[in-house]
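Dropping query.csv in here (CSV, C-alpha atoms):
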```
chain,number,residue,atom,x,y,z
A,1,MET,CA,11.7,26.2,-39.0
A,2,GLU,CA,10.4,27.1,-35.6
A,3,ASN,CA,13.6,27.0,-33.8
A,4,LYS,CA,15.3,28.9,-36.5
A,5,ALA,CA,13.4,32.1,-35.9
A,6,PRO,CA,14.9,33.1,-32.5
A,7,SER,CA,18.4,32.4,-33.8
A,8,ILE,CA,18.0,34.8,-36.6
A,9,SER,CA,16.8,37.6,-34.4
A,10,LYS,CA,19.6,36.7,-32.0
A,11,VAL,CA,22.2,37.0,-34.8
A,12,PHE,CA,20.7,40.3,-35.8
A,13,ALA,CA,20.6,41.7,-32.3
A,14,ALA,CA,24.1,40.6,-31.5
A,15,GLY,CA,25.4,42.9,-34.2
A,16,LEU,CA,23.4,45.8,-32.7
A,17,TRP,CA,24.4,45.5,-29.1
A,18,GLN,CA,26.1,42.5,-27.5
A,19,GLU,CA,28.7,42.2,-30.2
A,20,ASN,CA,28.6,45.8,-31.5
A,21,PRO,CA,31.7,46.1,-33.7
A,22,VAL,CA,32.8,49.4,-32.3
A,23,LEU,CA,31.6,49.4,-28.7
A,24,ARG,CA,32.3,45.8,-27.8
A,25,LEU,CA,34.8,44.3,-30.2
A,26,LEU,CA,36.8,47.5,-30.8
A,27,LEU,CA,37.0,46.8,-34.5
A,28,GLY,CA,37.2,49.3,-37.3
A,29,MET,CA,38.5,52.1,-35.1
A,30,CYS,CA,40.3,53.9,-38.0
A,31,PRO,CA,37.2,55.0,-40.0
A,32,THR,CA,35.2,55.4,-36.8
A,33,LEU,CA,37.6,58.1,-35.6
A,34,ALA,CA,38.4,59.7,-38.9
A,35,VAL,CA,35.1,60.3,-40.6
A,36,THR,CA,32.9,61.3,-37.7
A,37,THR,CA,33.5,65.1,-37.9
A,38,ALA,CA,29.9,65.4,-38.8
A,39,VAL,CA,26.8,63.3,-39.2
A,40,LYS,CA,26.7,63.2,-43.0
A,41,PRO,CA,30.1,61.7,-43.8
A,42,ALA,CA,29.5,59.3,-40.9
A,43,LEU,CA,26.3,58.2,-42.4
A,44,THR,CA,27.8,57.8,-45.9
A,45,MET,CA,30.7,55.8,-44.4
A,46,GLY,CA,28.2,53.6,-42.5
A,47,LEU,CA,26.1,52.9,-45.6
A,48,SER,CA,29.3,52.1,-47.7
A,49,VAL,CA,30.4,49.6,-45.0
A,50,ILE,CA,26.9,48.0,-44.9
A,51,PHE,CA,27.1,47.6,-48.7
A,52,VAL,CA,30.6,46.1,-48.7
A,53,LEU,CA,29.8,43.9,-45.7
A,54,PHE,CA,26.6,42.6,-47.2
A,55,CYS,CA,28.2,41.7,-50.6
A,56,SER,CA,31.4,40.2,-49.1
A,57,ASN,CA,29.5,38.1,-46.7
A,58,ILE,CA,27.4,36.7,-49.5
A,59,VAL,CA,30.4,35.9,-51.7
A,60,VAL,CA,32.4,34.4,-48.8
A,61,SER,CA,29.5,32.4,-47.7
A,62,LEU,CA,29.0,31.0,-51.2
A,63,MET,CA,32.6,30.1,-51.7
A,64,ARG,CA,33.4,28.8,-48.2
A,65,ASN,CA,33.5,25.2,-49.2
A,66,LEU,CA,35.9,25.8,-52.2
A,67,LEU,CA,38.7,27.4,-50.3
A,68,LYS,CA,42.0,26.1,-49.1
A,69,PRO,CA,42.7,27.2,-45.6
A,70,HIS,CA,45.9,29.0,-46.2
A,71,LEU,CA,44.5,31.0,-49.2
A,72,ARG,CA,41.4,31.9,-47.3
A,73,ILE,CA,42.3,35.4,-46.0
A,74,LEU,CA,43.8,36.4,-49.4
A,75,MET,CA,40.6,35.4,-51.2
A,76,PHE,CA,38.5,37.3,-48.6
A,77,THR,CA,40.6,40.4,-49.1
A,78,LEU,CA,40.4,40.2,-52.8
A,79,ALA,CA,36.6,39.9,-52.8
A,80,ILE,CA,36.4,42.8,-50.3
A,81,ALA,CA,38.7,45.0,-52.4
A,82,THR,CA,36.5,44.4,-55.5
A,83,PHE,CA,33.3,45.6,-53.7
A,84,VAL,CA,35.1,48.5,-52.2
A,85,THR,CA,36.2,49.6,-55.6
A,86,ILE,CA,32.5,49.5,-56.7
A,87,ALA,CA,31.4,51.5,-53.7
A,88,ASP,CA,34.2,54.1,-54.3
A,89,LEU,CA,33.4,54.6,-58.0
A,90,PHE,CA,29.7,54.8,-57.1
A,91,LEU,CA,30.4,57.5,-54.5
A,92,ARG,CA,32.6,59.4,-56.8
A,93,ALA,CA,29.9,59.4,-59.5
A,94,PHE,CA,26.8,60.2,-57.5
A,95,GLN,CA,28.1,61.9,-54.3
A,96,PRO,CA,31.3,63.7,-55.4
A,97,GLU,CA,31.2,66.1,-52.4
A,98,MET,CA,31.1,63.2,-49.9
A,99,SER,CA,33.7,61.3,-51.9
A,100,ALA,CA,36.1,64.3,-51.5
A,101,VAL,CA,35.4,64.6,-47.8
A,102,LEU,CA,35.9,60.9,-47.1
A,103,GLY,CA,39.0,60.8,-49.4
A,104,PRO,CA,41.2,57.7,-48.8
A,105,TYR,CA,39.0,56.4,-46.0
A,106,VAL,CA,36.7,54.8,-48.5
A,107,PRO,CA,39.4,52.5,-50.0
A,108,LEU,CA,40.5,51.9,-46.4
A,109,ILE,CA,37.3,49.9,-45.9
A,110,ILE,CA,39.3,47.1,-47.4
A,111,VAL,CA,41.4,46.7,-44.3
A,112,ASN,CA,38.6,47.5,-42.0
A,113,CYS,CA,38.8,44.7,-39.4
A,114,ILE,CA,35.0,44.4,-39.1
A,115,ILE,CA,34.6,43.1,-42.6
A,116,ILE,CA,37.5,40.5,-42.4
A,117,CYS,CA,36.4,39.6,-38.9
A,118,ARG,CA,32.8,38.9,-40.0
A,119,ALA,CA,34.0,37.0,-43.1
A,120,GLU,CA,36.2,34.8,-41.0
A,121,ALA,CA,34.0,34.4,-37.9
A,122,CYS,CA,30.6,34.2,-39.5
A,123,ALA,CA,30.3,33.9,-43.3
A,124,SER,CA,33.0,31.3,-43.7
A,125,LYS,CA,31.1,29.0,-41.2
A,126,ASN,CA,27.5,29.7,-41.9
A,127,GLY,CA,25.0,29.5,-44.7
A,128,LEU,CA,23.9,32.3,-47.0
A,129,PHE,CA,20.9,33.4,-45.0
A,130,ILE,CA,22.6,33.7,-41.6
A,131,SER,CA,25.5,35.5,-43.2
A,132,ILE,CA,23.2,38.1,-44.7
A,133,ILE,CA,21.4,38.7,-41.5
A,134,ASP,CA,24.7,39.0,-39.7
A,135,ALA,CA,26.0,41.5,-42.2
A,136,ILE,CA,22.9,43.7,-41.9
A,137,GLY,CA,23.0,43.6,-38.1
A,138,MET,CA,26.7,44.3,-37.8
A,139,GLY,CA,26.5,47.0,-40.5
A,140,ILE,CA,23.6,48.8,-38.8
A,141,GLY,CA,25.3,48.5,-35.4
A,142,PHE,CA,28.4,50.1,-36.9
A,143,THR,CA,26.5,52.9,-38.6
A,144,VAL,CA,24.5,53.8,-35.5
A,145,VAL,CA,27.6,54.2,-33.4
A,146,LEU,CA,29.2,56.2,-36.2
A,147,CYS,CA,26.2,58.6,-36.4
A,148,ILE,CA,26.0,59.1,-32.7
A,149,LEU,CA,29.7,59.9,-32.6
A,150,GLY,CA,29.4,62.2,-35.6
A,151,GLY,CA,26.3,63.9,-34.1
A,152,ILE,CA,28.1,64.7,-30.8
A,153,ARG,CA,31.1,66.0,-32.5
A,154,GLU,CA,29.2,68.1,-35.1
A,155,LEU,CA,26.9,69.5,-32.4
A,156,LEU,CA,29.8,70.6,-30.2
A,157,ALA,CA,32.2,71.7,-33.0
A,158,THR,CA,29.7,73.8,-34.9
A,159,GLY,CA,26.4,73.9,-33.0
A,160,MET,CA,24.7,72.3,-36.0
A,161,ILE,CA,23.3,68.8,-36.9
A,162,PHE,CA,22.9,67.9,-40.6
A,163,GLU,CA,24.1,71.5,-41.2
A,164,ILE,CA,21.0,72.9,-39.5
A,165,LYS,CA,21.6,75.1,-36.5
A,166,VAL,CA,20.2,73.7,-33.3
A,167,MET,CA,22.2,75.3,-30.5
A,168,PRO,CA,21.2,78.7,-29.0
A,169,SER,CA,23.1,81.7,-30.4
A,170,PHE,CA,25.3,82.2,-27.2
A,171,PHE,CA,26.8,78.8,-27.7
A,172,VAL,CA,30.6,79.0,-28.4
A,173,PRO,CA,31.7,76.2,-30.7
A,174,TRP,CA,34.4,73.9,-29.4
A,175,ALA,CA,37.0,73.8,-32.2
A,176,ALA,CA,38.8,70.9,-30.6
A,177,MET,CA,35.9,68.6,-31.3
A,178,ARG,CA,36.6,68.8,-35.0
A,179,MET,CA,40.2,67.8,-34.5
A,180,PRO,CA,41.6,64.3,-33.8
A,181,VAL,CA,41.5,65.1,-30.0
A,182,GLY,CA,37.8,65.3,-30.1
A,183,ALA,CA,37.4,62.0,-31.8
A,184,PHE,CA,39.6,60.1,-29.4
A,185,ILE,CA,38.2,61.6,-26.2
A,186,THR,CA,34.5,61.4,-27.3
A,187,LEU,CA,34.9,57.7,-28.2
A,188,GLY,CA,36.8,57.0,-25.0
A,189,LEU,CA,34.0,58.6,-22.9
A,190,ILE,CA,31.3,56.7,-24.9
A,191,LEU,CA,33.1,53.4,-24.3
A,192,GLY,CA,33.4,54.3,-20.6
A,193,LEU,CA,29.7,55.1,-20.5
A,194,VAL,CA,28.8,51.8,-22.1
A,195,ASN,CA,31.0,49.9,-19.6
A,196,PHE,CA,29.3,51.8,-16.8
A,197,VAL,CA,25.8,51.0,-18.0
A,198,THR,CA,26.4,47.3,-18.7
A,199,GLY,CA,28.6,46.9,-15.6
A,200,LYS,CA,25.6,47.9,-13.4
A,201,LYS,CA,23.3,45.3,-14.9
A,202,THR,CA,25.5,42.2,-14.2
B,1,MET,CA,71.3,70.1,-52.4
B,2,ASP,CA,67.7,71.3,-52.9
B,3,LYS,CA,66.6,67.8,-53.5
B,4,VAL,CA,68.2,66.5,-50.2
B,5,TYR,CA,66.5,69.4,-48.4
B,6,VAL,CA,63.1,68.4,-49.8
B,7,LEU,CA,63.6,64.8,-48.8
B,8,LEU,CA,64.7,65.7,-45.3
B,9,MET,CA,61.7,68.0,-44.8
B,10,GLY,CA,59.4,65.3,-46.2
B,11,PHE,CA,60.8,62.8,-43.7
B,12,ILE,CA,60.5,65.1,-40.7
B,13,SER,CA,57.0,66.1,-41.8
B,14,ILE,CA,55.7,62.5,-42.0
B,15,VAL,CA,57.3,61.4,-38.8
B,16,ILE,CA,56.2,64.3,-36.6
B,17,VAL,CA,53.9,66.8,-38.2
B,18,ASN,CA,51.8,64.5,-40.4
B,19,ASN,CA,52.2,61.4,-38.2
B,20,LEU,CA,49.8,58.8,-39.6
B,21,VAL,CA,48.6,57.7,-36.2
B,22,PHE,CA,48.0,61.1,-34.7
B,23,THR,CA,46.6,63.1,-37.6
B,24,LYS,CA,45.2,60.5,-40.0
B,25,PHE,CA,43.9,57.9,-37.5
B,26,LEU,CA,45.7,55.1,-39.5
B,27,GLY,CA,46.9,52.0,-37.7
B,28,ILE,CA,44.7,52.6,-34.7
B,29,CYS,CA,43.9,48.9,-34.2
B,30,PRO,CA,47.5,47.7,-33.4
B,31,TYR,CA,48.1,51.1,-31.7
B,32,LEU,CA,45.4,50.3,-29.2
B,33,GLY,CA,45.8,46.5,-29.3
B,34,VAL,CA,49.5,45.7,-28.9
B,35,SER,CA,50.7,48.8,-27.0
B,36,GLY,CA,50.5,47.0,-23.7
B,37,ARG,CA,54.2,46.4,-23.4
B,38,LEU,CA,57.2,48.4,-24.6
B,39,ASP,CA,59.2,45.5,-26.2
B,40,MET,CA,56.2,44.2,-28.0
B,41,ALA,CA,55.3,47.6,-29.3
B,42,PHE,CA,58.8,48.1,-30.6
B,43,GLY,CA,58.8,44.7,-32.3
B,44,MET,CA,55.5,45.6,-34.0
B,45,GLY,CA,56.8,49.0,-35.0
B,46,MET,CA,59.9,47.5,-36.6
B,47,ALA,CA,57.9,44.9,-38.5
B,48,VAL,CA,55.5,47.6,-39.8
B,49,THR,CA,58.4,49.9,-40.8
B,50,PHE,CA,59.9,47.2,-42.9
B,51,VAL,CA,56.7,46.2,-44.6
B,52,ILE,CA,55.5,49.8,-45.1
B,53,THR,CA,58.8,50.7,-46.8
B,54,LEU,CA,58.6,47.7,-49.1
B,55,ALA,CA,54.9,48.2,-49.9
B,56,GLY,CA,55.1,51.9,-50.3
B,57,THR,CA,57.9,51.8,-52.9
B,58,LEU,CA,56.5,48.8,-54.7
B,59,THR,CA,53.0,50.2,-55.0
B,60,TRP,CA,54.5,53.5,-56.2
B,61,LEU,CA,56.4,51.7,-58.9
B,62,ILE,CA,53.4,49.6,-60.0
B,63,ASP,CA,51.2,52.6,-60.0
B,64,ASN,CA,53.5,54.7,-62.2
B,65,LEU,CA,55.0,52.1,-64.4
B,66,ILE,CA,52.0,49.8,-65.0
B,67,LEU,CA,48.6,51.1,-63.9
B,68,MET,CA,48.9,54.7,-65.1
B,69,PRO,CA,50.4,54.2,-68.6
B,70,TYR,CA,47.8,51.5,-69.4
B,71,GLY,CA,44.8,53.3,-67.8
B,72,LEU,CA,44.1,50.6,-65.3
B,73,GLU,CA,43.5,52.8,-62.3
B,74,VAL,CA,40.2,51.0,-61.5
B,75,THR,CA,42.2,48.0,-60.3
B,76,ARG,CA,44.3,50.1,-58.1
B,77,TYR,CA,42.9,48.9,-54.7
B,78,VAL,CA,43.0,45.3,-55.7
B,79,CYS,CA,46.7,45.6,-56.8
B,80,TYR,CA,47.7,47.5,-53.6
B,81,ILE,CA,46.2,44.9,-51.3
B,82,LEU,CA,47.8,42.1,-53.3
B,83,VAL,CA,51.2,43.8,-53.1
B,84,ILE,CA,50.8,44.3,-49.4
B,85,ALA,CA,49.7,40.7,-48.7
B,86,GLY,CA,52.6,39.5,-50.9
B,87,ALA,CA,55.1,41.7,-49.1
B,88,VAL,CA,54.0,40.4,-45.7
B,89,GLN,CA,54.2,36.8,-46.9
B,90,LEU,CA,57.7,37.4,-48.3
B,91,VAL,CA,58.9,39.0,-45.1
B,92,GLU,CA,57.4,36.1,-43.1
B,93,MET,CA,59.1,33.4,-45.3
B,94,TYR,CA,62.4,35.2,-45.3
B,95,LEU,CA,62.5,35.7,-41.6
B,96,ARG,CA,61.5,32.1,-40.9
B,97,LYS,CA,64.3,30.8,-43.1
B,98,PHE,CA,67.1,33.1,-42.2
B,99,PHE,CA,66.3,34.7,-38.8
B,100,PRO,CA,64.3,32.1,-36.8
B,101,PRO,CA,64.7,33.8,-33.4
B,102,LEU,CA,63.4,37.1,-34.8
B,103,TYR,CA,60.5,35.2,-36.5
B,104,GLU,CA,59.6,33.6,-33.2
B,105,SER,CA,59.6,37.0,-31.4
B,106,PHE,CA,57.3,38.6,-34.0
B,107,GLY,CA,54.9,35.7,-33.7
B,108,ILE,CA,51.3,36.6,-34.5
B,109,PHE,CA,52.2,40.2,-35.4
B,110,LEU,CA,53.5,39.4,-38.9
B,111,PRO,CA,50.2,38.2,-40.5
B,112,LEU,CA,48.3,40.9,-38.7
B,113,ILE,CA,50.3,43.5,-40.5
B,114,THR,CA,48.4,42.8,-43.7
B,115,THR,CA,45.3,44.4,-42.2
B,116,ASN,CA,47.1,47.3,-40.7
B,117,CYS,CA,45.4,50.4,-42.1
B,118,ALA,CA,48.6,52.4,-41.9
B,119,ILE,CA,50.2,50.5,-44.7
B,120,LEU,CA,47.4,50.7,-47.2
B,121,GLY,CA,46.7,54.2,-46.0
B,122,LEU,CA,50.2,55.3,-46.8
B,123,CYS,CA,50.1,53.8,-50.3
B,124,LEU,CA,46.9,55.7,-50.9
B,125,PHE,CA,48.2,59.0,-49.5
B,126,VAL,CA,51.4,58.8,-51.6
B,127,ASN,CA,49.1,58.5,-54.6
B,128,LEU,CA,46.8,61.3,-53.3
B,129,TRP,CA,49.6,63.7,-52.6
B,130,GLY,CA,50.8,63.2,-56.2
B,131,ILE,CA,54.4,62.2,-55.3
B,132,ASP,CA,56.1,62.0,-58.7
B,133,ASN,CA,59.6,60.9,-58.0
B,134,PHE,CA,60.9,57.7,-56.6
B,135,PRO,CA,63.2,58.8,-53.8
B,136,GLU,CA,60.5,60.9,-52.3
B,137,ALA,CA,58.0,58.0,-52.3
B,138,ALA,CA,60.7,55.8,-50.7
B,139,VAL,CA,61.6,58.3,-48.0
B,140,LEU,CA,57.9,59.0,-47.1
B,141,SER,CA,57.2,55.2,-46.8
B,142,PHE,CA,60.2,54.8,-44.5
B,143,GLY,CA,59.3,57.9,-42.5
B,144,ALA,CA,55.7,56.7,-42.1
B,145,GLY,CA,57.0,53.4,-40.5
B,146,ILE,CA,59.3,55.4,-38.1
B,147,GLY,CA,56.4,57.6,-37.2
B,148,PHE,CA,54.2,54.6,-36.4
B,149,THR,CA,57.0,53.1,-34.3
B,150,LEU,CA,57.4,56.4,-32.4
B,151,ALA,CA,53.7,56.7,-31.7
B,152,ILE,CA,53.2,53.1,-30.6
B,153,CYS,CA,56.3,53.2,-28.3
B,154,ILE,CA,55.2,56.4,-26.6
B,155,MET,CA,51.8,54.9,-26.1
B,156,ALA,CA,53.3,51.7,-24.7
B,157,GLY,CA,55.5,53.6,-22.3
B,158,ILE,CA,52.5,55.6,-21.0
B,159,ARG,CA,50.4,52.4,-20.6
B,160,GLU,CA,53.0,50.6,-18.6
B,161,ASN,CA,52.7,53.4,-16.1
B,162,LEU,CA,49.0,53.6,-16.4
B,163,ASN,CA,48.8,50.0,-15.1
B,164,ILE,CA,49.6,51.2,-11.6
B,165,ALA,CA,47.4,54.3,-11.8
B,166,ASP,CA,44.0,54.4,-10.1
B,167,VAL,CA,41.5,54.5,-13.0
B,168,PRO,CA,37.8,54.5,-12.5
B,169,ASP,CA,36.4,51.0,-13.0
B,170,SER,CA,34.3,51.7,-16.1
B,171,LEU,CA,37.1,53.6,-17.8
B,172,LYS,CA,39.6,50.7,-17.4
B,173,GLY,CA,41.1,49.2,-20.5
B,174,ALA,CA,40.2,50.7,-23.9
B,175,PRO,CA,38.4,53.9,-22.8
B,176,ILE,CA,41.3,55.3,-20.8
B,177,THR,CA,43.7,54.3,-23.6
B,178,LEU,CA,41.6,56.3,-26.1
B,179,ILE,CA,41.5,59.3,-23.8
B,180,THR,CA,45.3,59.0,-23.4
B,181,ALA,CA,45.6,58.8,-27.1
B,182,GLY,CA,43.5,62.0,-27.4
B,183,LEU,CA,45.8,63.9,-25.0
B,184,LEU,CA,48.9,62.6,-26.9
B,185,THR,CA,47.3,63.9,-30.2
B,186,LEU,CA,46.8,67.3,-28.5
B,187,ALA,CA,50.5,67.4,-27.7
B,188,PHE,CA,51.5,66.5,-31.3
B,189,MET,CA,49.1,69.1,-32.6
B,190,GLY,CA,51.7,71.6,-31.4
B,191,PHE,CA,53.8,70.7,-34.4
B,192,ALA,CA,50.9,71.3,-36.9
B,193,GLY,CA,51.7,73.7,-39.6
B,194,MET,CA,55.4,73.7,-38.9
B,195,ILE,CA,56.4,72.3,-42.3
B,196,LYS,CA,54.1,72.4,-45.4
```

For the structure just supplied, provide its representation as structure tokens.
Amino acid sequence: MENKAPSISKVFAAGLWQENPVLRLLLGMCPTLAVTTAVKPALTMGLSVIFVLFCSNIVVSLMRNLLKPHLRILMFTLAIATFVTIADLFLRAFQPEMSAVLGPYVPLIIVNCIIICRAEACASKNGLFISIIDAIGMGIGFTVVLCILGGIRELLATGMIFEIKVMPSFFVPWAAMRMPVGAFITLGLILGLVNFVTGKKT
Amino acid sequence: MDKVYVLLMGFISIVIVNNLVFTKFLGICPYLGVSGRLDMAFGMGMAVTFVITLAGTLTWLIDNLILMPYGLEVTRYVCYILVIAGAVQLVEMYLRKFFPPLYESFGIFLPLITTNCAILGLCLFVNLWGIDNFPEAAVLSFGAGIGFTLAICIMAGIRENLNIADVPDSLKGAPITLITAGLLTLAFMGFAGMIK
């Protein structure tokens, strides 16, 4: 039991930084860029991904010994599609506004590489407990990056965060940040910054 | 004549004005991942075009002939992903049997197409835009594939030249690719609002 504790924290921390899905593995770019026009949709998206990742890792981890290798990916995708349907219906019922903003990007979680990658790389090889920890770590890592990106873009595009005005009145909003250009360039610069910081250490 | 005009406009619209990669962020993973060399990018684009046309038309048929009449919309996503996985599998088997050299050259790309968000994304958008006739759905699906090929080939061309450019160390690789993609998007934004 004693030597298990560090490995759990290690698995958890890996998702947050060393193997951060967006910053390090470059996975799940499509929702990362598309929904980060503001913090709120970014947060909603992040929470949906945590939910789907959590459930699919549990299911995949439980059925990992029953699967034939060549049907593996198909079964993963089917399990994921089921949970995404649940998340989508939930959002539509309780958060209709957010559901309208996110639109087709909620069902697109199905083909989000993060989830399939974690199912393949972690849940299909490890026990239930490690898989759950991994899902939470990866999910939180993803959500944090999404929120940072959403925050920067919302701040520069409208001068507000969470729809509360924070910038001084003479600030001129940058309309480009709301458009695809803003997403690509902000993420590119963030990746560059991360490379710069980690490059210094080693 | 009117109908042909609508179809033509739809095609141009999805290839240039509403390009899936530039305006909807779909298919970004392969767009950044395999756009290193022009020939590989073109191969990927062709494979995607084929699967997207097949999947787009098939999902439209399933949606309108099976799911909607029987009120099974809840199972839509599961059906879509099954159709796409099936289409990719079909293409893979067909190519391996009848065109082995082509199959060899596609290599790892074929199975990867299943998780290409452009394909599922297009199926969802066709549904969202409420396309109600079959020719239009087919043209849009084909156009989306061509648009993807266009985007990935432009990107590959730029990246081949970027290899010899002097880029700051910390921006090498993915960051500079993303920034290039941003500038490309800016260029394509000039077409916005031209049609519909």

In Å, how far is it from atom CA of Pro69 of chain A to atom CA of Met93 of chain B?
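Spanning atom CA of Pro69 of chain A to atom CA of Met93 of chain B is a straight-line distance of 17.5 Å.
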
Can you list, as a count of residues only, every protein, DNA or RNA residue that comes within 9 Å of Val91 of chain B when you count all atoms listed in the file, leaving out same-chain residues fewer than 3 positions away?
10

Select, as a VMD selection string, those residues of chain B with any atom no more than 9 Å from chain A (distances computed using only C-alpha atoms).
chain B and resid 22 to 29 74 to 78 81 to 82 85 114 to 117 120 to 121 124 to 125 128 169 to 172 174 to 186 189

Please list as a ChimeraX atom specification every residue within 9 Å of segment 117-123 of chain A, counting only C-alpha atoms and excluding residues in the same chain fewer than 2 positions away.
/A:27,53,56-62,64,72-73,76,112-115,125-128,130-132,134-135,138

Generate a file of the selected residues that holds C-alpha atoms, formatted as a compact mmCIF listing (two decimals), keeping the file's coordinate frame.
```
# COMPACT_ATOMS: atom_id res chain seq x y z
CA LEU A 27 37.00 46.80 -34.50
CA LEU A 53 29.80 43.90 -45.70
CA SER A 56 31.40 40.20 -49.10
CA ASN A 57 29.50 38.10 -46.70
CA ILE A 58 27.40 36.70 -49.50
CA VAL A 59 30.40 35.90 -51.70
CA VAL A 60 32.40 34.40 -48.80
CA SER A 61 29.50 32.40 -47.70
CA LEU A 62 29.00 31.00 -51.20
CA ARG A 64 33.40 28.80 -48.20
CA ARG A 72 41.40 31.90 -47.30
CA ILE A 73 42.30 35.40 -46.00
CA PHE A 76 38.50 37.30 -48.60
CA ASN A 112 38.60 47.50 -42.00
CA CYS A 113 38.80 44.70 -39.40
CA ILE A 114 35.00 44.40 -39.10
CA ILE A 115 34.60 43.10 -42.60
CA LYS A 125 31.10 29.00 -41.20
CA ASN A 126 27.50 29.70 -41.90
CA GLY A 127 25.00 29.50 -44.70
CA LEU A 128 23.90 32.30 -47.00
CA ILE A 130 22.60 33.70 -41.60
CA SER A 131 25.50 35.50 -43.20
CA ILE A 132 23.20 38.10 -44.70
CA ASP A 134 24.70 39.00 -39.70
CA ALA A 135 26.00 41.50 -42.20
CA MET A 138 26.70 44.30 -37.80
```

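Between atom CA of Ile161 of chain A and atom CA of Thr36 of chain A lies a distance of 12.2 Å.
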
Counting only C-alpha atoms, what is within 8 Å of Leu155 of chain A, bar same-chain residues fewer than 4 positions away, as a ChimeraX atom specification?
/A:151,159-161,166-167

Work out how far atom CA of Gly46 of chain A is from atom CA of Ser99 of chain A, in Å to one decimal.
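Spanning atom CA of Ser99 of chain A to atom CA of Gly46 of chain A is a straight-line distance of 13.3 Å.
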
Within 12 Å of segment 156-161 of chain B using all atoms listed in the file, minus same-chain residues under 4 positions, as a PyMOL selection string:
chain B and resi 30-45+149-152+165-167+172-174+176-181+183-184

Identify, on the basis of only C-alpha atoms, every residue whose closest approach to Leu122 of chain B does not exceed 9 Å; exclude the query and any residue fewer than 3 positions from it along the same chain; express the result as a PyMOL selection string.
chain B and resi 20+26+52+56+117-119+125-127+140-141+144

So that I have them on file, write out the residues from the current selection with C-alpha atoms, as a compact mmCIF listing (two decimals), in the coordinates of the input.
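This is the output file out14.txt:
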```
# COMPACT_ATOMS: atom_id res chain seq x y z
CA LEU B 20 49.80 58.80 -39.60
CA LEU B 26 45.70 55.10 -39.50
CA ILE B 52 55.50 49.80 -45.10
CA GLY B 56 55.10 51.90 -50.30
CA CYS B 117 45.40 50.40 -42.10
CA ALA B 118 48.60 52.40 -41.90
CA ILE B 119 50.20 50.50 -44.70
CA PHE B 125 48.20 59.00 -49.50
CA VAL B 126 51.40 58.80 -51.60
CA ASN B 127 49.10 58.50 -54.60
CA LEU B 140 57.90 59.00 -47.10
CA SER B 141 57.20 55.20 -46.80
CA ALA B 144 55.70 56.70 -42.10
```

Kindly list the centre and edge lengths in Å, rounded to one decimal, for the axis-aligned box that covers all listed atoms of segment 10-19 of chain B plus 4 Å on each of its six sides, as JSON.
```
{"center_x": 56.3, "center_y": 64.1, "center_z": -41.4, "size_x": 17.0, "size_y": 13.4, "size_z": 17.6}
```

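Candidate residues B:Cys79, B:Ala138, B:Leu67, B:Leu112 were compared for distance to Leu8 of chain B, and the nearest is B:Ala138, using all atoms listed in the file.
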
Regenerate segment 164-174 of chain B at the level of N, CA and C atoms and dump it as a PDB file, in the frame of the given file.
```pdb
ATOM      1  N   ILE B 164      49.594  50.996 -13.056  1.00  0.00           N
ATOM      2  CA  ILE B 164      49.600  51.200 -11.600  1.00  0.00           C
ATOM      3  C   ILE B 164      48.827  52.386 -11.157  1.00  0.00           C
ATOM      4  N   ALA B 165      48.190  53.079 -12.120  1.00  0.00           N
ATOM      5  CA  ALA B 165      47.400  54.300 -11.800  1.00  0.00           C
ATOM      6  C   ALA B 165      46.013  53.836 -11.303  1.00  0.00           C
ATOM      7  N   ASP B 166      45.362  54.722 -10.573  1.00  0.00           N
ATOM      8  CA  ASP B 166      44.000  54.400 -10.100  1.00  0.00           C
ATOM      9  C   ASP B 166      42.989  54.997 -11.046  1.00  0.00           C
ATOM     10  N   VAL B 167      42.484  54.122 -11.922  1.00  0.00           N
ATOM     11  CA  VAL B 167      41.500  54.500 -13.000  1.00  0.00           C
ATOM     12  C   VAL B 167      40.147  54.106 -12.549  1.00  0.00           C
ATOM     13  N   PRO B 168      39.118  54.941 -12.771  1.00  0.00           N
ATOM     14  CA  PRO B 168      37.800  54.500 -12.500  1.00  0.00           C
ATOM     15  C   PRO B 168      37.413  53.191 -13.172  1.00  0.00           C
ATOM     16  N   ASP B 169      36.648  52.331 -12.510  1.00  0.00           N
ATOM     17  CA  ASP B 169      36.400  51.000 -13.000  1.00  0.00           C
ATOM     18  C   ASP B 169      35.879  50.977 -14.470  1.00  0.00           C
ATOM     19  N   SER B 170      34.889  51.825 -14.747  1.00  0.00           N
ATOM     20  CA  SER B 170      34.300  51.700 -16.100  1.00  0.00           C
ATOM     21  C   SER B 170      35.167  52.312 -17.151  1.00  0.00           C
ATOM     22  N   LEU B 171      36.226  53.013 -16.789  1.00  0.00           N
ATOM     23  CA  LEU B 171      37.100  53.600 -17.800  1.00  0.00           C
ATOM     24  C   LEU B 171      38.334  52.658 -18.042  1.00  0.00           C
ATOM     25  N   LYS B 172      38.453  51.576 -17.270  1.00  0.00           N
ATOM     26  CA  LYS B 172      39.600  50.700 -17.400  1.00  0.00           C
ATOM     27  C   LYS B 172      39.727  50.103 -18.800  1.00  0.00           C
ATOM     28  N   GLY B 173      40.956  49.875 -19.259  1.00  0.00           N
ATOM     29  CA  GLY B 173      41.100  49.200 -20.500  1.00  0.00           C
ATOM     30  C   GLY B 173      41.049  50.209 -21.691  1.00  0.00           C
ATOM     31  N   ALA B 174      40.195  49.867 -22.679  1.00  0.00           N
ATOM     32  CA  ALA B 174      40.200  50.700 -23.900  1.00  0.00           C
ATOM     33  C   ALA B 174      39.785  52.139 -23.683  1.00  0.00           C
TER      34      ALA B 174
END
```
